[in-house]
Amino acid sequence: MGALPVELENVYAKYAGSEDWIIEDVTLKVDRGEMVVIMGPSGCGKSTLINVIGGLIPHIVAGVVKGKVKVEGIDILKEGYRAIVGKVGIVYQNPEIQVITRSVSEELAMAPENLGLPRDEIIERVNWALEILGLRGYEKRDPQTLSGGEKQLVAIASVLTMQPRILMLDEPTSMLDHEGTKMVLNAINNLRENTEMTVIVVEHRVEWAVEVADKIIVMDQGRIVLEGSPAEVFSRGEEVKKFGVRPPSVSEVAYELRARGLDIPVPVRLSEAYKVLSEVFSVDRIKER
Amino acid sequence: MSKALYLLIVVIAFLTVACVVWLFAQALAVNPENPWEAFPISAFFLGARDYMLVIGGIIWIAGTIIFVLELLGYTITTSGLKKTEFGIANWSVVDIALIALSAAVYGGLLFATAPIVLVPGFTWLRPANSLAPLFGMFFGIPGCLGVAFGNLIADILGGFFGVGSFGGFIGNFLIAYLPYKFVRDHTFTTTRSIGEFYLWGVLAQAIVSAVYICWWLDIMQAAVGLPIFVIWGIIAPIIFSNNVVVTALLSPILGRALFPLIKARGLYWKMRMPSE
Amino acid sequence: MLAGLYREGDTVFHRLDPRPKLAWTLLVLAASMATQFNGLKSFPVFVSVVLSLALAGIGVKIAFLLIFNASIFLLVTLLIWVSMYSGAGVVLAKLGWLTITDVGLLVALGKFFLIMNPVIAFVVFFASTKPSHIIWAFQKIGVPYKLAFSFVVALGLLPSIIKNAGDVIDVQKARGLALDRGNIFERIRRYAPILIPLISRMMSDVWDLSMVLASRGFGYAKKRTFVDTPSWGRLDTLFLLLSIAFYGGIAVWGLYL
């Protein structure tokens, strides 16, 4: 059995000059190929957690990290972030700062060029990334002229060409409009279905998260307060809301019905809600639209 | 009120120009073969030119050597050459990002913010220049390089890139470098801090950069096409006056507001950890 | 007008390797230097660089825009050159104290082209050469990759920085900031509410950009691969030979004939 992609044990982290820990006593294990969505209120340490896993704190961003942080079996506190370059790809919130060349194909080639890979292999990887994200035809386009959603797709593609084993996305849709958000979330779904990458996403869109996530982690004040499958997490409605996370709308309906005396399971997905409501209203099946 | 003042300044400028032209006409009448000998202003600059060539040459050689040494990771101190953490070999991604963003912000602002024009085509003030000494003081060598690249970028964007731009590159590096090297207190909250800044970040950098750039233009005259009088009589005073006025008026205000923010964001060069 | 910023295109100049293009700009400079005392001889160089703007898909309008922007400065410079040579040649006109001779006019014209020809040639160079090719060319002449890369990233970030600057200026103006009112000192100080938010934003961007570069393995490999490298072809050789012949011929004409 190979090493786990991500293994954190009793991890504390803070930035240089900060008195308080930003993340506290975090223990987390992520399995190979798992899709994990991290949620929580602003400032609860989600981005810090991503940067600790990526080795960027304390090696790029000055800070203090205590505990055990192993990525692909490598102790990155000891070995540094360079030990996992190429194995972990990170996509950030702001698409403007992630597109720095003057053509999409240059942007996609940059990371494998930095790794010193052979030219033919880089071209193959660029073509693969263009294909898998639906960016064929964008090769010569100037990234600066693209929409926010397109820029973010280019940012994702530009780390995909490293063929990382772990892909992390830190609020990739927070600066995008509705169209852009749809583009990016569909792309993440696509990657999950067609690759064996382990994906960790910080994302607030709960209806999307429950459809795709194997595991949901809720953070609050630097700690992991809830962890489990979407059903496990959102069955604890009061707790979820206490930690500033909005449950799926279908779950909220179920909470209300349960509060009024109906003993029904809590659906998290629309498809589950149809089943539950069919039983409640004793009809054979409510037709799905 | 401001329109009247502006008009007054323009009138004074034109009167000055008219006076200069009249003096030149007088000089032509006195010596048609070589009016420059009789023309008082050119006589001053041309008379001082030999001294300027020597002083400028010393400044140019010293400035260029300092630029190369700092890039190689060495700095000149009173006890000789010392190794630093800021040579190219040590640059981390944070240094690259600092250089790139300082250059983009400085060059972009030089280009995007309209100059305050005093005499059209001749005298203008560029508020964005006030950032140059601050980038050096706060970000160290990456900030100094960002200013150098930023000036180059402004030249490229504005279509002014040419042989003269090479002088502008290191000249602008020195505008940021001198306060980085010699100003000790960067807070702008004490008399000492303001005093040091005015000495090194206003006066010294303005003199050094004007002389460095114009010496280069003078030596490269055959490739640049500017008469000596324009180089030392117009360009040098423009560079000097612009660098003095905007840094004197605006840099302390910006520095006092930005220094705590820069420290809080962990970007102050004295606080940054050694690169991997 | 972002005169020197790279514009994507498929023109003759875009297809050229950066090395013959750089050689061309230097040849333009050399020919302009050789003919700086006779504007008639440097006129063909001027025509060639203006044509190159068209060939590079930039448009000849830029040349005249550049000249117009610097018109007063150029005018005074040229008047000085005319007056410096007012004792030589045939007197063409007298405007008050200013005596314009044929020699003075030719020198002034030659100096004008010496100033403008290289400026226009470099606009063509930067606007038709991919930034990645500039890095590659810099590396070939020994400039360290990190230095060249920083410069090219700065060029890449420019459009959004300029846009941000414009947005901040608009927002502050909407909040009552009057940049064109008050005396000179007040007008300079009024830039503080523009510059401070921009620098504050820049600081977040520095950390974001450095994390982006780190996560893309910047500086990882000792020998970095370059996928899109320029390649010297027949067009480049032809272009270089033609440039040497044309500008070389003009230089000889200017210096010796």
# chains A, B, ... in the order shown; residues from 1 in each chain; ligands from 1
>>> residues_around(residues="Leu262 (chain A)", least_positions_apart="5", cutoff="12 Å", atoms="only C-alpha atoms", output="ChimeraX atom specification")
/A:253-257,276-277,279-281
>>> interface_residues(of="chain C", to="chain B", cutoff="7 Å", atoms="only C-alpha atoms", output="count of residues only")
43
>>> atom_distance(atom1="CA of Ala248 (chain B)", atom2="CA of Ile235 (chain B)")
19.6 Å
>>> residues_around(residues="Leu117 (chain A)", least_positions_apart="5", cutoff="10 Å", atoms="only C-alpha atoms", output="number ranges by chain")
A: 111-112, 122, 162; C: 221, 223-227
>>> interface_residues(of="chain A", to="chain B", cutoff="12 Å", atoms="only C-alpha atoms", output="list in words")
Tyr15, Ala16, Gly17, Ser18, Leu56, Pro58, His59, Ile60, Val61, Ala62, Gly63, Glu79, Gly80, Tyr81, Arg82, Ile97, Gln98 and Ile100 of chain A
>>> write_last_selection(atoms="N, CA and C atoms", output="short mmCIF file (atom, residue, chain, number, x, y, z; two decimals), in the first residue's frame")
data_model
loop_
_atom_site.label_atom_id
_atom_site.label_comp_id
_atom_site.auth_asym_id
_atom_site.auth_seq_id
_atom_site.Cartn_x
_atom_site.Cartn_y
_atom_site.Cartn_z
N TYR A 15 1.40 32.66 10.68
CA TYR A 15 2.29 33.48 9.88
C TYR A 15 3.28 34.20 10.78
N ALA A 16 4.42 34.58 10.21
CA ALA A 16 5.43 35.32 10.97
C ALA A 16 4.81 36.61 11.47
N GLY A 17 5.07 36.93 12.72
CA GLY A 17 4.53 38.16 13.29
C GLY A 17 3.14 37.98 13.87
N SER A 18 2.54 36.80 13.65
CA SER A 18 1.20 36.57 14.20
C SER A 18 1.32 35.93 15.57
N LEU A 56 4.08 25.70 1.10
CA LEU A 56 4.42 27.10 0.89
C LEU A 56 4.61 27.85 2.20
N PRO A 58 6.11 26.89 5.81
CA PRO A 58 6.86 28.12 6.03
C PRO A 58 7.95 28.41 5.01
N HIS A 59 7.98 27.66 3.88
CA HIS A 59 9.16 27.76 3.00
C HIS A 59 9.12 28.95 2.06
N ILE A 60 7.95 29.45 1.70
CA ILE A 60 7.85 30.64 0.85
C ILE A 60 7.28 31.80 1.68
N VAL A 61 6.17 31.54 2.31
CA VAL A 61 5.55 32.55 3.16
C VAL A 61 6.06 32.33 4.57
N ALA A 62 6.68 33.35 5.13
CA ALA A 62 7.28 33.18 6.45
C ALA A 62 6.22 32.80 7.48
N GLY A 63 6.53 31.79 8.24
CA GLY A 63 5.58 31.35 9.25
C GLY A 63 6.15 30.23 10.08
N GLU A 79 11.81 18.38 4.31
CA GLU A 79 12.38 18.37 2.95
C GLU A 79 12.13 19.68 2.19
N GLY A 80 11.12 20.45 2.57
CA GLY A 80 10.85 21.69 1.84
C GLY A 80 9.88 21.47 0.70
N TYR A 81 9.36 22.58 0.16
CA TYR A 81 8.33 22.45 -0.87
C TYR A 81 8.90 21.92 -2.18
N ARG A 82 10.20 22.10 -2.40
CA ARG A 82 10.77 21.64 -3.66
C ARG A 82 10.70 20.12 -3.81
N ILE A 97 -3.69 37.14 -11.53
CA ILE A 97 -2.27 36.99 -11.16
C ILE A 97 -1.73 35.62 -11.57
N GLN A 98 -2.61 34.74 -12.10
CA GLN A 98 -2.15 33.40 -12.46
C GLN A 98 -1.89 33.24 -13.95
N ILE A 100 0.39 34.85 -16.72
CA ILE A 100 1.49 35.81 -16.79
C ILE A 100 2.22 35.80 -18.12
#
>>> interface_residues(of="chain A", to="chain C", cutoff="10 Å", atoms="only C-alpha atoms", output="JSON, numbers by chain")
{"A": [51, 54, 55, 56, 57, 59, 60, 61, 81, 82, 83, 84, 85, 86, 87, 88, 89, 90, 91, 92, 93, 94, 96, 97, 98, 99, 100, 101, 102, 103, 105, 106, 109, 110, 111, 112, 113, 114, 115, 116, 117, 118, 119, 120, 122, 123, 140, 141, 142, 143, 144, 145, 155, 158, 159, 160, 161, 162]}
>>> residues_around(residues="region 207-215 of chain A", least_positions_apart="6", cutoff="7 Å", atoms="only C-alpha atoms", output="list in words")
Glu34, Met35, Val36, Val37, Asn189, Gly228, Ser229, Pro230, Pro248, Val268 and Arg269 of chain A
>>> write_last_selection(atoms="all heavy atoms", output="tab-separated table (two decimals), in the first residue's frame")
chain	number	residue	atom	x	y	z
A	34	GLU	N	-9.39	10.69	-3.73
A	34	GLU	CA	-10.53	11.28	-3.02
A	34	GLU	C	-10.75	12.70	-3.47
A	34	GLU	O	-9.83	13.41	-3.84
A	34	GLU	CB	-10.23	11.27	-1.51
A	34	GLU	CG	-11.37	10.74	-0.69
A	34	GLU	CD	-11.10	10.77	0.81
A	34	GLU	OE1	-10.00	11.16	1.24
A	34	GLU	OE2	-12.01	10.42	1.55
A	35	MET	N	-12.03	13.12	-3.41
A	35	MET	CA	-12.37	14.52	-3.67
A	35	MET	C	-12.83	15.10	-2.35
A	35	MET	O	-13.84	14.67	-1.80
A	35	MET	CB	-13.49	14.58	-4.71
A	35	MET	CG	-14.11	15.95	-4.87
A	35	MET	SD	-13.19	16.92	-6.05
A	35	MET	CE	-14.47	17.95	-6.70
A	36	VAL	N	-12.07	16.06	-1.85
A	36	VAL	CA	-12.37	16.65	-0.54
A	36	VAL	C	-12.74	18.11	-0.74
A	36	VAL	O	-12.04	18.84	-1.44
A	36	VAL	CB	-11.12	16.55	0.38
A	36	VAL	CG1	-11.38	17.25	1.70
A	36	VAL	CG2	-10.72	15.10	0.59
A	37	VAL	N	-13.84	18.53	-0.13
A	37	VAL	CA	-14.23	19.94	-0.20
A	37	VAL	C	-14.13	20.51	1.20
A	37	VAL	O	-14.68	19.94	2.16
A	37	VAL	CB	-15.65	20.13	-0.75
A	37	VAL	CG1	-16.04	21.60	-0.72
A	37	VAL	CG2	-15.74	19.60	-2.18
A	189	ASN	N	-15.38	18.79	-12.09
A	189	ASN	CA	-16.13	17.53	-12.20
A	189	ASN	C	-15.48	16.61	-13.21
A	189	ASN	O	-15.31	15.41	-13.00
A	189	ASN	CB	-17.57	17.79	-12.67
A	189	ASN	CG	-18.37	18.57	-11.66
A	189	ASN	OD1	-17.95	18.73	-10.52
A	189	ASN	ND2	-19.50	19.07	-12.09
A	228	GLY	N	-16.54	14.24	7.21
A	228	GLY	CA	-17.26	13.02	6.84
A	228	GLY	C	-17.83	13.13	5.45
A	228	GLY	O	-17.57	14.11	4.74
A	229	SER	N	-18.62	12.15	5.07
A	229	SER	CA	-19.28	12.21	3.77
A	229	SER	C	-20.29	13.35	3.83
A	229	SER	O	-20.68	13.79	4.92
A	229	SER	CB	-19.98	10.90	3.48
A	229	SER	OG	-21.08	10.75	4.38
A	230	PRO	N	-20.77	13.83	2.66
A	230	PRO	CA	-21.77	14.90	2.68
A	230	PRO	C	-22.98	14.54	3.54
A	230	PRO	O	-23.46	15.37	4.31
A	230	PRO	CB	-22.14	15.05	1.21
A	230	PRO	CG	-20.93	14.62	0.47
A	230	PRO	CD	-20.31	13.53	1.29
A	248	PRO	N	-27.26	22.36	2.20
A	248	PRO	CA	-28.00	22.35	0.93
A	248	PRO	C	-29.46	22.67	1.19
A	248	PRO	O	-30.01	22.33	2.26
A	248	PRO	CB	-27.84	20.91	0.43
A	248	PRO	CG	-26.67	20.37	1.17
A	248	PRO	CD	-26.57	21.10	2.45
A	268	VAL	N	-29.15	15.19	0.97
A	268	VAL	CA	-28.22	16.29	0.66
A	268	VAL	C	-28.27	16.65	-0.83
A	268	VAL	O	-27.91	17.75	-1.22
A	268	VAL	CB	-26.75	15.96	1.09
A	268	VAL	CG1	-26.63	15.90	2.59
A	268	VAL	CG2	-26.25	14.70	0.44
A	269	ARG	N	-28.73	15.70	-1.63
A	269	ARG	CA	-28.79	15.94	-3.07
A	269	ARG	C	-30.25	15.99	-3.51
A	269	ARG	O	-31.12	15.42	-2.86
A	269	ARG	CB	-28.07	14.83	-3.83
A	269	ARG	CG	-26.62	14.68	-3.47
A	269	ARG	CD	-25.93	13.61	-4.31
A	269	ARG	NE	-24.55	13.45	-3.87
A	269	ARG	CZ	-24.15	12.61	-2.94
A	269	ARG	NH1	-25.01	11.81	-2.37
A	269	ARG	NH2	-22.88	12.56	-2.56
>>> decode(residues="region 239-276 of chain A", atoms="N, CA and C atoms", output="PDB file, in the first residue's frame")
ATOM      1  N   GLU A 239     -25.326  21.954  13.958  1.00  0.00           N
ATOM      2  CA  GLU A 239     -23.877  22.168  14.113  1.00  0.00           C
ATOM      3  C   GLU A 239     -23.292  22.857  12.868  1.00  0.00           C
ATOM      4  N   VAL A 240     -23.723  22.358  11.706  1.00  0.00           N
ATOM      5  CA  VAL A 240     -23.206  22.922  10.452  1.00  0.00           C
ATOM      6  C   VAL A 240     -23.502  24.419  10.398  1.00  0.00           C
ATOM      7  N   LYS A 241     -24.733  24.763  10.756  1.00  0.00           N
ATOM      8  CA  LYS A 241     -25.127  26.183  10.691  1.00  0.00           C
ATOM      9  C   LYS A 241     -24.381  26.992  11.735  1.00  0.00           C
ATOM     10  N   LYS A 242     -24.140  26.373  12.884  1.00  0.00           N
ATOM     11  CA  LYS A 242     -23.408  27.072  13.952  1.00  0.00           C
ATOM     12  C   LYS A 242     -22.019  27.477  13.469  1.00  0.00           C
ATOM     13  N   PHE A 243     -21.445  26.646  12.589  1.00  0.00           N
ATOM     14  CA  PHE A 243     -20.091  26.937  12.107  1.00  0.00           C
ATOM     15  C   PHE A 243     -20.100  27.779  10.837  1.00  0.00           C
ATOM     16  N   GLY A 244     -21.241  28.387  10.547  1.00  0.00           N
ATOM     17  CA  GLY A 244     -21.280  29.363   9.455  1.00  0.00           C
ATOM     18  C   GLY A 244     -21.363  28.764   8.067  1.00  0.00           C
ATOM     19  N   VAL A 245     -21.763  27.488   7.981  1.00  0.00           N
ATOM     20  CA  VAL A 245     -21.883  26.862   6.660  1.00  0.00           C
ATOM     21  C   VAL A 245     -23.367  26.679   6.341  1.00  0.00           C
ATOM     22  N   ARG A 246     -23.759  27.108   5.176  1.00  0.00           N
ATOM     23  CA  ARG A 246     -25.146  26.942   4.773  1.00  0.00           C
ATOM     24  C   ARG A 246     -25.337  25.537   4.237  1.00  0.00           C
ATOM     25  N   PRO A 247     -26.276  24.778   4.821  1.00  0.00           N
ATOM     26  CA  PRO A 247     -26.519  23.417   4.307  1.00  0.00           C
ATOM     27  C   PRO A 247     -27.222  23.493   2.943  1.00  0.00           C
ATOM     28  N   PRO A 248     -27.256  22.364   2.204  1.00  0.00           N
ATOM     29  CA  PRO A 248     -28.000  22.351   0.934  1.00  0.00           C
ATOM     30  C   PRO A 248     -29.464  22.669   1.193  1.00  0.00           C
ATOM     31  N   SER A 249     -30.095  23.318   0.215  1.00  0.00           N
ATOM     32  CA  SER A 249     -31.505  23.722   0.395  1.00  0.00           C
ATOM     33  C   SER A 249     -32.384  22.529   0.712  1.00  0.00           C
ATOM     34  N   VAL A 250     -32.129  21.406   0.034  1.00  0.00           N
ATOM     35  CA  VAL A 250     -32.988  20.216   0.271  1.00  0.00           C
ATOM     36  C   VAL A 250     -32.830  19.722   1.712  1.00  0.00           C
ATOM     37  N   SER A 251     -31.616  19.867   2.261  1.00  0.00           N
ATOM     38  CA  SER A 251     -31.391  19.471   3.657  1.00  0.00           C
ATOM     39  C   SER A 251     -32.171  20.393   4.587  1.00  0.00           C
ATOM     40  N   GLU A 252     -32.170  21.682   4.247  1.00  0.00           N
ATOM     41  CA  GLU A 252     -32.868  22.656   5.112  1.00  0.00           C
ATOM     42  C   GLU A 252     -34.360  22.347   5.159  1.00  0.00           C
ATOM     43  N   VAL A 253     -34.917  21.937   4.015  1.00  0.00           N
ATOM     44  CA  VAL A 253     -36.345  21.558   3.985  1.00  0.00           C
ATOM     45  C   VAL A 253     -36.561  20.374   4.924  1.00  0.00           C
ATOM     46  N   ALA A 254     -35.629  19.421   4.850  1.00  0.00           N
ATOM     47  CA  ALA A 254     -35.744  18.228   5.703  1.00  0.00           C
ATOM     48  C   ALA A 254     -35.628  18.595   7.175  1.00  0.00           C
ATOM     49  N   TYR A 255     -34.724  19.526   7.511  1.00  0.00           N
ATOM     50  CA  TYR A 255     -34.588  19.936   8.915  1.00  0.00           C
ATOM     51  C   TYR A 255     -35.929  20.484   9.423  1.00  0.00           C
ATOM     52  N   GLU A 256     -36.542  21.315   8.593  1.00  0.00           N
ATOM     53  CA  GLU A 256     -37.823  21.927   8.973  1.00  0.00           C
ATOM     54  C   GLU A 256     -38.887  20.852   9.199  1.00  0.00           C
ATOM     55  N   LEU A 257     -38.960  19.889   8.260  1.00  0.00           N
ATOM     56  CA  LEU A 257     -39.968  18.833   8.382  1.00  0.00           C
ATOM     57  C   LEU A 257     -39.704  17.988   9.628  1.00  0.00           C
ATOM     58  N   ARG A 258     -38.436  17.742   9.914  1.00  0.00           N
ATOM     59  CA  ARG A 258     -38.093  16.969  11.113  1.00  0.00           C
ATOM     60  C   ARG A 258     -38.457  17.756  12.375  1.00  0.00           C
ATOM     61  N   ALA A 259     -38.262  19.024  12.332  1.00  0.00           N
ATOM     62  CA  ALA A 259     -38.610  19.866  13.492  1.00  0.00           C
ATOM     63  C   ALA A 259     -40.118  19.866  13.726  1.00  0.00           C
ATOM     64  N   ARG A 260     -40.891  19.573  12.666  1.00  0.00           N
ATOM     65  CA  ARG A 260     -42.340  19.504  12.784  1.00  0.00           C
ATOM     66  C   ARG A 260     -42.845  18.083  12.996  1.00  0.00           C
ATOM     67  N   GLY A 261     -41.932  17.230  13.347  1.00  0.00           N
ATOM     68  CA  GLY A 261     -42.337  15.900  13.787  1.00  0.00           C
ATOM     69  C   GLY A 261     -42.199  14.783  12.766  1.00  0.00           C
ATOM     70  N   LEU A 262     -41.792  15.109  11.554  1.00  0.00           N
ATOM     71  CA  LEU A 262     -41.652  14.051  10.541  1.00  0.00           C
ATOM     72  C   LEU A 262     -40.291  13.373  10.676  1.00  0.00           C
ATOM     73  N   ASP A 263     -40.323  12.088  10.828  1.00  0.00           N
ATOM     74  CA  ASP A 263     -39.073  11.361  11.004  1.00  0.00           C
ATOM     75  C   ASP A 263     -38.578  10.900   9.641  1.00  0.00           C
ATOM     76  N   ILE A 264     -37.814  11.758   9.011  1.00  0.00           N
ATOM     77  CA  ILE A 264     -37.329  11.434   7.663  1.00  0.00           C
ATOM     78  C   ILE A 264     -35.812  11.592   7.615  1.00  0.00           C
ATOM     79  N   PRO A 265     -35.185  10.838   6.711  1.00  0.00           N
ATOM     80  CA  PRO A 265     -33.739  11.046   6.576  1.00  0.00           C
ATOM     81  C   PRO A 265     -33.467  12.413   5.962  1.00  0.00           C
ATOM     82  N   VAL A 266     -32.256  12.915   6.159  1.00  0.00           N
ATOM     83  CA  VAL A 266     -31.888  14.229   5.610  1.00  0.00           C
ATOM     84  C   VAL A 266     -31.195  14.017   4.269  1.00  0.00           C
ATOM     85  N   PRO A 267     -31.882  14.419   3.175  1.00  0.00           N
ATOM     86  CA  PRO A 267     -31.193  14.306   1.887  1.00  0.00           C
ATOM     87  C   PRO A 267     -30.188  15.441   1.742  1.00  0.00           C
ATOM     88  N   VAL A 268     -29.147  15.192   0.967  1.00  0.00           N
ATOM     89  CA  VAL A 268     -28.215  16.285   0.661  1.00  0.00           C
ATOM     90  C   VAL A 268     -28.268  16.650  -0.827  1.00  0.00           C
ATOM     91  N   ARG A 269     -28.729  15.697  -1.626  1.00  0.00           N
ATOM     92  CA  ARG A 269     -28.793  15.937  -3.070  1.00  0.00           C
ATOM     93  C   ARG A 269     -30.250  15.993  -3.505  1.00  0.00           C
ATOM     94  N   LEU A 270     -30.462  16.641  -4.598  1.00  0.00           N
ATOM     95  CA  LEU A 270     -31.813  16.783  -5.130  1.00  0.00           C
ATOM     96  C   LEU A 270     -32.409  15.406  -5.427  1.00  0.00           C
ATOM     97  N   SER A 271     -31.582  14.494  -5.982  1.00  0.00           N
ATOM     98  CA  SER A 271     -32.086  13.157  -6.332  1.00  0.00           C
ATOM     99  C   SER A 271     -32.551  12.414  -5.082  1.00  0.00           C
ATOM    100  N   GLU A 272     -31.845  12.600  -3.993  1.00  0.00           N
ATOM    101  CA  GLU A 272     -32.252  11.968  -2.725  1.00  0.00           C
ATOM    102  C   GLU A 272     -33.544  12.596  -2.202  1.00  0.00           C
ATOM    103  N   ALA A 273     -33.645  13.913  -2.407  1.00  0.00           N
ATOM    104  CA  ALA A 273     -34.829  14.633  -1.928  1.00  0.00           C
ATOM    105  C   ALA A 273     -36.082  14.126  -2.636  1.00  0.00           C
ATOM    106  N   TYR A 274     -35.995  13.826  -3.915  1.00  0.00           N
ATOM    107  CA  TYR A 274     -37.149  13.286  -4.652  1.00  0.00           C
ATOM    108  C   TYR A 274     -37.625  11.997  -4.005  1.00  0.00           C
ATOM    109  N   LYS A 275     -36.644  11.146  -3.661  1.00  0.00           N
ATOM    110  CA  LYS A 275     -36.994   9.839  -3.061  1.00  0.00           C
ATOM    111  C   LYS A 275     -37.683  10.038  -1.722  1.00  0.00           C
ATOM    112  N   VAL A 276     -37.080  10.899  -0.904  1.00  0.00           N
ATOM    113  CA  VAL A 276     -37.613  11.125   0.447  1.00  0.00           C
ATOM    114  C   VAL A 276     -39.025  11.694   0.365  1.00  0.00           C
TER     115      VAL A 276
END
